[in-house]
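Participant: My file is structure-v3.cif. It has mmCIF, C-alpha atoms:
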data_query
#
loop_
_atom_site.label_atom_id
_atom_site.label_comp_id
_atom_site.auth_asym_id
_atom_site.auth_seq_id
_atom_site.Cartn_x
_atom_site.Cartn_y
_atom_site.Cartn_z
CA MET A 1 124.17 97.78 121.09
CA LYS A 2 126.66 99.96 122.85
CA THR A 3 127.21 102.07 119.73
CA PHE A 4 123.49 102.66 119.49
CA VAL A 5 123.30 103.91 123.07
CA VAL A 6 126.29 106.18 122.54
CA GLY A 7 124.73 107.46 119.32
CA MET A 8 121.48 108.27 121.08
CA ALA A 9 123.34 110.06 123.84
CA ALA A 10 125.19 112.10 121.23
CA MET A 11 121.92 113.07 119.56
CA LEU A 12 120.26 114.06 122.82
CA GLY A 13 123.41 115.93 123.77
CA ALA A 14 123.33 117.87 120.52
CA LEU A 15 119.71 118.81 121.06
CA GLY A 16 120.56 119.96 124.56
CA ILE A 17 123.40 122.13 123.23
CA ALA A 18 121.10 123.52 120.58
CA ARG A 19 118.79 124.76 123.30
CA ALA A 20 121.60 126.06 125.48
CA GLN A 21 123.00 128.21 122.71
CA GLY A 22 119.61 129.61 121.87
CA LYS A 23 119.41 128.06 118.44
CA SER A 24 116.02 127.90 116.85
CA VAL A 25 114.09 124.65 116.81
CA VAL A 26 114.55 124.49 113.06
CA GLU A 27 118.34 124.64 113.42
CA GLY A 28 118.19 121.90 116.04
CA ILE A 29 116.22 119.70 113.66
CA ALA A 30 118.70 120.43 110.87
CA GLU A 31 121.55 119.32 113.12
CA TYR A 32 119.75 116.09 113.98
CA ARG A 33 119.13 115.43 110.28
CA LYS A 34 122.83 115.97 109.56
CA MET A 35 123.65 113.18 112.00
CA LEU A 36 121.17 110.82 110.35
CA GLU A 37 122.65 111.48 106.92
CA ASP A 38 125.80 109.64 107.85
CA GLY A 39 124.07 106.30 107.59
CA ASN A 40 121.48 106.93 104.91
CA PRO A 41 120.13 103.54 103.78
CA ALA A 42 119.39 105.18 100.41
CA ASP A 43 122.99 104.14 99.68
CA LEU A 44 121.78 100.55 99.52
CA PHE A 45 119.11 101.41 96.93
CA GLU A 46 121.66 103.46 95.02
CA ALA A 47 123.95 100.44 94.73
CA LYS A 48 121.02 98.27 93.66
CA GLY A 49 119.97 100.81 91.02
CA GLU A 50 123.44 101.03 89.54
CA SER A 51 123.67 97.28 89.11
CA LEU A 52 120.14 97.15 87.62
CA TRP A 53 121.17 99.76 85.03
CA LYS A 54 124.17 97.70 83.94
CA THR A 55 122.69 94.19 84.14
CA PRO A 56 121.02 92.65 81.05
CA ARG A 57 117.41 91.91 82.01
CA GLY A 58 113.90 91.46 80.66
CA PRO A 59 112.56 89.50 77.67
CA LYS A 60 115.15 91.13 75.38
CA ASN A 61 117.97 90.49 77.89
CA ALA A 62 119.35 94.01 77.45
CA THR A 63 120.83 96.59 79.81
CA LEU A 64 119.50 100.12 80.18
CA GLU A 65 122.83 101.65 79.19
CA GLN A 66 121.39 102.90 75.88
CA CYS A 67 118.50 104.65 77.65
CA ASP A 68 118.06 108.32 76.70
CA LEU A 69 117.13 110.30 79.83
CA GLY A 70 117.12 113.58 77.93
CA LYS A 71 120.82 114.29 77.59
CA GLY A 72 121.53 111.66 74.95
CA GLN A 73 121.80 107.87 74.94
CA GLY A 74 123.36 106.53 78.10
CA VAL A 75 124.04 109.94 79.68
CA VAL A 76 123.09 109.70 83.36
CA LYS A 77 125.04 112.51 85.01
CA GLY A 78 123.00 115.70 85.08
CA ALA A 79 119.86 114.06 83.67
CA PHE A 80 117.99 114.21 86.97
CA VAL A 81 118.15 118.01 87.36
CA GLU A 82 116.56 118.49 83.89
CA LEU A 83 113.52 116.25 84.36
CA PRO A 84 110.57 116.25 83.66
CA ARG A 85 111.11 117.27 80.05
CA TYR A 86 109.66 116.63 76.58
CA PHE A 87 110.75 113.52 74.70
CA ALA A 88 110.31 113.46 70.93
CA ASP A 89 110.12 109.66 70.66
CA THR A 90 107.15 109.30 73.00
CA LYS A 91 105.77 112.78 72.15
CA LYS A 92 105.21 113.36 75.87
CA VAL A 93 106.60 115.26 78.81
CA GLN A 94 108.01 112.54 81.06
CA ASP A 95 109.50 112.48 84.52
CA LEU A 96 112.40 110.24 85.55
CA GLU A 97 110.27 107.28 86.52
CA THR A 98 107.98 107.24 83.49
CA ARG A 99 111.05 107.67 81.27
CA LEU A 100 112.66 104.67 82.94
CA VAL A 101 109.54 102.61 82.28
CA THR A 102 109.69 103.67 78.61
CA CYS A 103 113.30 102.48 78.42
CA MET A 104 112.46 99.23 80.18
CA GLU A 105 109.74 98.71 77.56
CA THR A 106 111.70 99.64 74.42
CA LEU A 107 115.13 98.30 75.40
CA GLN A 108 114.37 95.39 77.70
CA GLY A 109 110.95 94.34 76.43
CA PHE A 110 109.04 94.72 79.70
CA ASN A 111 105.35 95.60 79.58
CA GLY A 112 105.20 99.24 80.66
CA ALA A 113 101.48 99.17 81.46
CA ASP A 114 102.03 96.22 83.81
CA ILE A 115 104.83 98.06 85.63
CA ALA A 116 102.61 101.15 85.98
CA LYS A 117 99.90 98.99 87.58
CA THR A 118 102.31 97.32 90.06
CA PRO A 119 102.05 98.78 93.58
CA PHE A 120 105.05 100.80 94.78
CA GLY A 121 107.81 98.76 96.35
CA ARG A 122 106.90 95.51 94.59
CA GLY A 123 108.31 93.68 91.59
CA GLU A 124 109.58 95.87 88.76
CA GLN A 125 108.17 98.99 90.44
CA ALA A 126 110.73 98.52 93.25
CA ASN A 127 113.42 98.31 90.55
CA VAL A 128 112.21 101.57 88.98
CA THR A 129 112.57 103.26 92.40
CA ALA A 130 116.09 101.85 92.87
CA LEU A 131 117.08 103.01 89.38
CA ALA A 132 115.64 106.47 90.05
CA THR A 133 117.59 106.61 93.32
CA TRP A 134 120.88 105.89 91.57
CA ILE A 135 120.20 108.27 88.69
CA ALA A 136 119.31 111.04 91.15
CA ALA A 137 122.50 110.33 93.11
CA GLU A 138 124.57 110.75 89.94
CA SER A 139 123.40 114.39 89.82
CA ARG A 140 123.90 115.10 93.52
CA GLY A 141 125.18 118.62 94.09
CA MET A 142 124.03 119.84 90.66
CA ARG A 143 121.45 122.59 90.25
CA PHE A 144 117.97 122.26 88.81
CA SER A 145 117.47 123.65 85.36
CA LEU A 146 114.43 122.18 83.68
CA PRO A 147 114.02 122.98 79.99
CA GLN A 148 110.97 125.11 79.19
CA GLY A 149 111.71 125.76 75.52
CA ARG A 150 108.93 123.63 74.06
CA VAL A 151 105.25 124.38 74.08
CA GLU A 152 104.52 120.94 75.65
CA GLU A 153 106.86 121.77 78.55
CA LYS A 154 105.24 125.14 79.13
CA LYS A 155 101.83 123.49 79.01
CA SER A 156 102.93 120.90 81.57
CA TYR A 157 104.06 123.72 83.89
CA GLU A 158 100.71 125.50 83.54
CA ILE A 159 98.75 122.29 84.23
CA GLY A 160 100.95 121.65 87.26
CA LYS A 161 100.29 125.14 88.57
CA ARG A 162 96.54 124.65 88.26
CA VAL A 163 96.63 121.24 89.95
CA PHE A 164 98.75 122.79 92.72
CA PHE A 165 96.13 125.42 93.51
CA TYR A 166 93.09 123.23 92.84
CA ARG A 167 91.06 122.78 96.01
CA ALA A 168 89.10 119.54 96.29
CA GLY A 169 88.14 116.61 98.47
CA PRO A 170 86.29 116.46 101.80
CA TYR A 171 88.79 118.87 103.42
CA ASP A 172 88.79 121.28 100.50
CA PHE A 173 92.59 121.03 100.37
CA SER A 174 94.98 122.07 97.65
CA CYS A 175 98.74 121.55 97.56
CA ALA A 176 98.99 125.29 98.21
CA THR A 177 97.13 124.91 101.52
CA CYS A 178 100.27 123.41 103.06
CA HIS A 179 102.96 124.52 100.62
CA GLY A 180 102.00 128.07 99.77
CA GLN A 181 103.45 129.93 102.77
CA ASP A 182 106.95 130.40 104.12
CA GLY A 183 108.20 129.06 107.46
CA LYS A 184 105.40 126.63 108.26
CA ARG A 185 105.75 123.14 109.63
CA ILE A 186 103.65 120.22 110.81
CA ARG A 187 105.19 118.97 114.07
CA LEU A 188 108.87 118.53 113.18
CA GLN A 189 108.39 118.51 109.42
CA ASP A 190 109.16 121.72 107.61
CA LEU A 191 106.65 122.52 104.93
CA PRO A 192 108.57 123.85 101.96
CA MET A 193 107.08 126.74 100.06
CA LEU A 194 106.77 125.24 96.61
CA THR A 195 105.46 128.16 94.58
CA LYS A 196 109.02 129.50 94.34
CA ASN A 197 112.55 128.14 94.77
CA PRO A 198 112.39 126.73 98.33
CA GLY A 199 116.20 126.60 98.61
CA ASP A 200 118.94 123.99 98.16
CA GLY A 201 117.94 120.42 98.88
CA ILE A 202 114.37 121.24 99.90
CA GLY A 203 111.16 119.97 98.36
CA PHE A 204 111.61 118.75 94.80
CA ALA A 205 115.41 118.72 95.27
CA ALA A 206 115.26 116.15 98.11
CA TRP A 207 113.37 113.23 96.53
CA PRO A 208 113.82 110.26 96.06
CA ALA A 209 114.30 109.91 99.79
CA TYR A 210 114.60 107.15 102.36
CA ARG A 211 111.74 107.30 104.85
CA VAL A 212 113.06 106.30 108.26
CA SER A 213 109.56 105.90 109.73
CA ASN A 214 108.60 103.02 107.45
CA GLY A 215 111.99 101.94 106.12
CA GLU A 216 110.99 102.53 102.52
CA MET A 217 112.64 104.27 99.61
CA TRP A 218 110.21 106.83 98.23
CA SER A 219 110.33 108.14 94.69
CA MET A 220 108.72 111.40 93.55
CA GLN A 221 105.73 109.52 92.11
CA LEU A 222 105.10 107.85 95.47
CA ARG A 223 105.67 111.13 97.32
CA LEU A 224 103.00 112.83 95.19
CA ASN A 225 100.71 109.84 95.52
CA ASP A 226 100.90 110.28 99.29
CA CYS A 227 100.16 114.01 99.00
CA PHE A 228 96.96 113.08 97.18
CA ARG A 229 96.16 110.61 99.97
CA GLN A 230 96.68 113.25 102.63
CA GLN A 231 94.27 115.50 100.76
CA ARG A 232 91.77 112.59 100.74
CA LEU A 233 91.72 112.60 96.95
CA PRO A 234 91.61 109.45 94.81
CA TYR A 235 95.04 107.99 94.06
CA PRO A 236 96.48 109.26 90.81
CA ASN A 237 97.68 106.61 88.37
CA PHE A 238 101.42 106.00 88.23
CA GLY A 239 102.90 108.43 85.73
CA SER A 240 99.64 110.29 85.18
CA GLU A 241 99.75 113.66 83.40
CA ALA A 242 98.74 115.40 86.66
CA THR A 243 101.67 114.02 88.68
CA ILE A 244 104.19 114.76 85.92
CA ALA A 245 102.77 118.28 85.57
CA LEU A 246 103.19 118.80 89.33
CA GLY A 247 106.78 117.61 88.97
CA THR A 248 107.34 120.09 86.14
CA TYR A 249 105.79 122.88 88.21
CA MET A 250 107.95 122.17 91.28
CA GLY A 251 111.06 121.46 89.21
CA VAL A 252 110.83 124.68 87.20
CA ASN A 253 110.14 126.67 90.38
CA ALA A 254 113.22 125.07 91.98
CA LYS A 255 115.49 126.41 89.22
CA GLY A 256 118.98 126.95 90.66
CA ALA A 257 118.34 124.83 93.75
CA GLU A 258 120.98 122.23 94.55
CA SER A 259 119.86 118.60 94.44
CA ILE A 260 120.69 116.53 97.53
CA ALA A 261 118.67 113.50 96.41
CA PRO A 262 118.60 110.77 97.53
CA SER A 263 118.07 112.25 100.98
CA ILE A 264 116.83 110.89 104.29
CA ARG A 265 113.49 111.91 105.70
CA ARG A 266 111.42 111.10 108.76
CA MET B 1 120.60 86.12 98.11
CA ALA B 2 120.88 89.16 100.31
CA ASP B 3 121.93 92.51 98.87
CA PRO B 4 125.46 93.73 99.61
CA MET B 5 126.38 95.86 102.63
CA ARG B 6 128.00 99.25 102.41
CA ILE B 7 131.13 99.44 104.55
CA ARG B 8 133.21 102.56 105.11
CA ALA B 9 136.23 102.55 107.41
CA GLN B 10 138.49 105.51 108.09
CA VAL B 11 141.56 105.91 110.26
CA ALA B 12 141.76 108.83 112.68
CA GLY B 13 144.81 108.70 114.94
CA ASP B 14 145.32 105.20 116.36
CA LYS B 15 141.68 104.30 115.82
CA ALA B 16 139.56 103.44 112.83
CA THR B 17 135.88 104.30 112.62
CA VAL B 18 133.85 101.69 110.81
CA ARG B 19 130.39 102.44 109.48
CA VAL B 20 128.23 99.69 108.05
CA LEU B 21 124.86 99.77 106.34
CA MET B 22 123.16 96.40 106.01
CA SER B 23 120.30 95.59 103.71
CA HIS B 24 117.78 93.55 105.68
CA GLU B 25 114.03 93.49 106.26
CA MET B 26 114.38 92.99 110.05
CA GLU B 27 110.81 91.76 110.41
CA THR B 28 109.86 91.57 114.11
CA GLY B 29 107.29 88.80 113.97
CA GLN B 30 104.78 91.13 115.68
CA ARG B 31 103.22 92.62 112.58
CA LYS B 32 100.24 91.34 110.65
CA ASP B 33 99.70 91.51 106.93
CA VAL B 34 96.53 92.78 105.20
CA ALA B 35 94.93 89.35 105.54
CA GLY B 36 95.47 89.41 109.32
CA LYS B 37 98.15 86.74 109.28
CA THR B 38 101.30 87.26 111.34
CA ILE B 39 104.34 88.08 109.24
CA PRO B 40 107.01 85.63 110.37
CA ALA B 41 110.00 87.05 112.21
CA TRP B 42 113.07 87.55 110.06
CA PHE B 43 115.99 89.39 111.54
CA ILE B 44 119.75 89.39 111.89
CA GLN B 45 120.86 87.43 114.95
CA GLU B 46 124.59 87.62 114.86
CA VAL B 47 127.03 90.22 113.57
CA THR B 48 130.76 89.62 113.42
CA ALA B 49 133.55 92.04 112.56
CA ALA B 50 137.00 90.76 111.64
CA LEU B 51 140.15 92.79 111.16
CA ASN B 52 142.57 91.02 108.78
CA GLY B 53 140.77 87.75 109.51
CA LYS B 54 140.87 88.10 113.31
CA THR B 55 137.51 88.57 114.99
CA VAL B 56 137.37 91.88 116.86
CA MET B 57 133.68 92.07 117.69
CA THR B 58 130.62 89.86 117.84
CA ALA B 59 127.15 91.13 118.56
CA GLN B 60 123.84 89.41 119.21
CA TRP B 61 120.94 91.24 117.64
CA GLY B 62 117.24 90.83 118.02
CA PRO B 63 113.97 91.92 116.42
CA SER B 64 114.12 95.41 117.92
CA VAL B 65 116.86 96.55 115.53
CA ALA B 66 115.57 98.70 112.68
CA LYS B 67 115.13 97.74 109.06
CA ASN B 68 118.27 98.33 106.96
CA PRO B 69 120.41 98.68 110.10
CA PHE B 70 123.30 101.09 110.49
CA LEU B 71 126.19 100.07 112.71
CA GLN B 72 129.14 102.21 113.75
CA PHE B 73 132.08 101.23 115.93
CA THR B 74 135.77 102.01 116.38
CA ILE B 75 138.74 99.66 116.33
CA LYS B 76 141.91 100.48 118.21
CA GLY B 77 145.20 99.92 116.43
CA ALA B 78 143.78 99.55 112.91
CA LYS B 79 145.90 100.95 110.07
CA ALA B 80 145.14 102.15 106.57
CA GLY B 81 145.12 99.23 104.17
CA ASP B 82 143.86 96.76 106.77
CA LYS B 83 140.93 94.61 105.73
CA ILE B 84 137.71 94.80 107.67
CA ALA B 85 135.15 92.07 107.10
CA ILE B 86 131.58 92.20 108.41
CA SER B 87 129.33 89.16 108.51
CA TRP B 88 125.77 88.68 109.58
CA LEU B 89 123.64 85.63 110.12
CA ASP B 90 119.83 85.84 110.31
CA ASN B 91 117.26 83.58 111.94
CA ARG B 92 116.52 81.89 108.60
CA GLY B 93 120.13 80.86 108.33
CA ASP B 94 120.85 83.37 105.57
CA LYS B 95 124.24 84.97 105.80
CA ARG B 96 126.31 87.56 104.08
CA THR B 97 129.91 88.71 104.37
CA ASP B 98 131.37 91.86 102.85
CA GLU B 99 134.87 93.20 103.05
CA ALA B 100 136.40 96.66 102.72
CA ALA B 101 139.85 98.18 103.04
CA ILE B 102 140.41 100.79 105.74
CA THR B 103 141.38 104.18 104.31
#
Please express the file's structure as structure tokens.
Facilitator:
Amino acid sequence: MKTFVVGMAAMLGALGIARAQGKSVVEGIAEYRKMLEDGNPADLFEAKGESLWKTPRGPKNATLEQCDLGKGQGVVKGAFVELPRYFADTKKVQDLETRLVTCMETLQGFNGADIAKTPFGRGEQANVTALATWIAAESRGMRFSLPQGRVEEKKSYEIGKRVFFYRAGPYDFSCATCHGQDGKRIRLQDLPMLTKNPGDGIGFAAWPAYRVSNGEMWSMQLRLNDCFRQQRLPYPNFGSEATIALGTYMGVNAKGAESIAPSIRR
Amino acid sequence: MADPMRIRAQVAGDKATVRVLMSHEMETGQRKDVAGKTIPAWFIQEVTAALNGKTVMTAQWGPSVAKNPFLQFTIKGAKAGDKIAISWLDNRGDKRTDEAAIT
């Protein structure tokens, strides 16, 4: 436990220094986050995801190595920063997680509808999150550049934009209520401005992320699901058109931002 | 079986810094599930670090350590190429050992 105590002292020390040198609160938080990054448990999910990708599983006992994530069969590197995008085989715009479910269905013989109905963090849904974590990690440091060449992709962006500004629920909240202004935060959490590129590793470019507060690995689908909960709206279905459209909207807006996923969050 | 640990060990001067991430639920035994039943305690009780097979540290852990724990410590006199092995044992008797070379 000694290391833990020393670590805590170091953190408190750093915060003290931050104040002494007149750094802003935001800079102090950034410094604290930097220290946490050293032991990001997302690494564990990353390792799990990599082995899941390469291990033959499911009724067809196949690996996912032939899965097309948008850059050709089996190409993982760089796929994350170009999703969601249109896929000709499913005739849909898909995000990383729904695309993974498609591959698990076609290659491994899993029932995609069953996976979509499974709660986050359980059964095959937990495996989808681990896979997404590894695939995101393979594109770490790359810059977002979502394709918008097809009419379906442009449509997805427009739907996402409307959902983003749509006010509803008992609090009359929209996504834009919290994420439509610069420099805002709730307690220690910065609220990224998501109607434009919020900067490297912020917002869309930071998820999947490990949540320290509950010890869970959160994918983008789960992150959005929680946004809906905070707005007191009904939960969207896993992989629903609305959540994918929001992903397209944020992803396209984040064009040029560097991906740091999987990151570590409160 | 438990998922593997992530071990990184780097030499700086005459010391090596070892950083370990363990994959474990670390259930305290204080929480209740949705049905109101207590979730049984399940946590790592003992952690051992061995340098080239010789034990250099043992630690007794309890339920107050976080889920997916991170452990960092330094070893004096460790050299690049040395083998560091970390083992844990939990209160269910599950154990796991992983090894890494110091760089």
Participant: Show which residues sit within 10 Å of Gly141 of chain A, as a VMD selection string. Count all atoms listed in the file, and ignore same-chain residues fewer than 3 positions away.
Facilitator: chain A and resid 78 81 137 to 138 144 200 to 201 205 257 to 261
Participant: Care to translate the PyMOL selection byres ((chain A) within 7 of (chain B)) into actual residues of this file, as a PyMOL selection string?
Facilitator: chain A and resi 3+39+41+44+215
Participant: Any chance you could resolve the PyMOL selection byres ((chain A and resi 233-241) around 8) against this file and give the residues as an MDAnalysis selection string?
Facilitator: chainID A and resid 95 97:98 116:117 168:169 221 225 228:232 242:245
Participant: Enumerate, as an NGL selection string, the residues matched when the PyMOL selection byres ((chain A and resi 57) around 12) is run on the file above.
Facilitator: :A and (51-56 or 58-65 or 103-105 or 107-110 or 124 or 127)
Participant: May I have the centre and edge lengths, in Å to one decimal, of an axis-aligned box around the listed atoms of segment 67-80 of chain B with 8 Å added to every side, as AutoDock Vina command-line options?
Facilitator:
--center_x 130.5 --center_y 100.0 --center_z 112.4 --size_x 46.8 --size_y 20.5 --size_z 27.6
Participant: Just the residues within 12 Å of Ala16 of chain B, please, counting only C-alpha atoms, with nothing from its chain fewer than 3 positions along; format it as number ranges by chain.
Facilitator: B: 8-13, 19, 51, 72-84, 101-103
Participant: What would the file look like if the residues just selected were written as an mmCIF file, in the coordinates of the input with C-alpha atoms?
Facilitator:
data_model
loop_
_atom_site.group_PDB
_atom_site.id
_atom_site.type_symbol
_atom_site.label_atom_id
_atom_site.label_comp_id
_atom_site.auth_asym_id
_atom_site.auth_seq_id
_atom_site.Cartn_x
_atom_site.Cartn_y
_atom_site.Cartn_z
ATOM 1 C CA ARG B 8 133.210 102.560 105.110
ATOM 2 C CA ALA B 9 136.230 102.550 107.410
ATOM 3 C CA GLN B 10 138.490 105.510 108.090
ATOM 4 C CA VAL B 11 141.560 105.910 110.260
ATOM 5 C CA ALA B 12 141.760 108.830 112.680
ATOM 6 C CA GLY B 13 144.810 108.700 114.940
ATOM 7 C CA ARG B 19 130.390 102.440 109.480
ATOM 8 C CA LEU B 51 140.150 92.790 111.160
ATOM 9 C CA GLN B 72 129.140 102.210 113.750
ATOM 10 C CA PHE B 73 132.080 101.230 115.930
ATOM 11 C CA THR B 74 135.770 102.010 116.380
ATOM 12 C CA ILE B 75 138.740 99.660 116.330
ATOM 13 C CA LYS B 76 141.910 100.480 118.210
ATOM 14 C CA GLY B 77 145.200 99.920 116.430
ATOM 15 C CA ALA B 78 143.780 99.550 112.910
ATOM 16 C CA LYS B 79 145.900 100.950 110.070
ATOM 17 C CA ALA B 80 145.140 102.150 106.570
ATOM 18 C CA GLY B 81 145.120 99.230 104.170
ATOM 19 C CA ASP B 82 143.860 96.760 106.770
ATOM 20 C CA LYS B 83 140.930 94.610 105.730
ATOM 21 C CA ILE B 84 137.710 94.800 107.670
ATOM 22 C CA ALA B 101 139.850 98.180 103.040
ATOM 23 C CA ILE B 102 140.410 100.790 105.740
ATOM 24 C CA THR B 103 141.380 104.180 104.310
#
Participant: List the spatial neighbours of Pro63 of chain B as a ChimeraX atom specification - criterion: any atom at most 9 Å away, only C-alpha atoms, same-chain residues fewer than 5 positions off excluded.
Facilitator: /B:26-29,41-45
Participant: Since we have the selection now, will you write its residues out, keeping C-alpha atoms, as a PDB file, in the coordinates of the input?
Facilitator:
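Just written: result_6.pdb:
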ATOM      1  CA  MET B  26     114.380  92.990 110.050  1.00  0.00           C
ATOM      2  CA  GLU B  27     110.810  91.760 110.410  1.00  0.00           C
ATOM      3  CA  THR B  28     109.860  91.570 114.110  1.00  0.00           C
ATOM      4  CA  GLY B  29     107.290  88.800 113.970  1.00  0.00           C
ATOM      5  CA  ALA B  41     110.000  87.050 112.210  1.00  0.00           C
ATOM      6  CA  TRP B  42     113.070  87.550 110.060  1.00  0.00           C
ATOM      7  CA  PHE B  43     115.990  89.390 111.540  1.00  0.00           C
ATOM      8  CA  ILE B  44     119.750  89.390 111.890  1.00  0.00           C
ATOM      9  CA  GLN B  45     120.860  87.430 114.950  1.00  0.00           C
TER      10      GLN B  45
END
Participant: Excluding segment 174-180 of chain A and residues on its chain fewer than 3 positions from it, collect all residues at most 7 Å away from it, counting only C-alpha atoms, and give them as a VMD selection string.
Facilitator: chain A and resid 164 to 168 191 to 195
Participant: Distance atom CA of Leu83 of chain A-atom CA of Lys154 of chain A, one decimal place?
Facilitator: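 Interatomic distance here is 13.2 Å.
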Participant: Work out how far atom CA of Leu36 of chain A is from atom CA of Arg31 of chain B, in Å to one decimal.
Facilitator: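 Atom-to-atom, atom CA of Arg31 of chain B to atom CA of Leu36 of chain A, that is 25.7 Å.
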Participant: To one decimal in Å, tell me the separation between atom CA of Ala254 of chain A and atom CA of Pro147 of chain A.
Facilitator: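 Atom CA of Pro147 of chain A lies 12.2 Å from atom CA of Ala254 of chain A.
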Participant: B:Ala50, B:Val18, B:Trp88, B:Glu99: which is nearest Ala2 of chain B, counting all atoms listed in the file?
Facilitator: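 Nearest candidate to Ala2 of chain B out of B:Ala50, B:Val18, B:Trp88, B:Glu99: B:Trp88.
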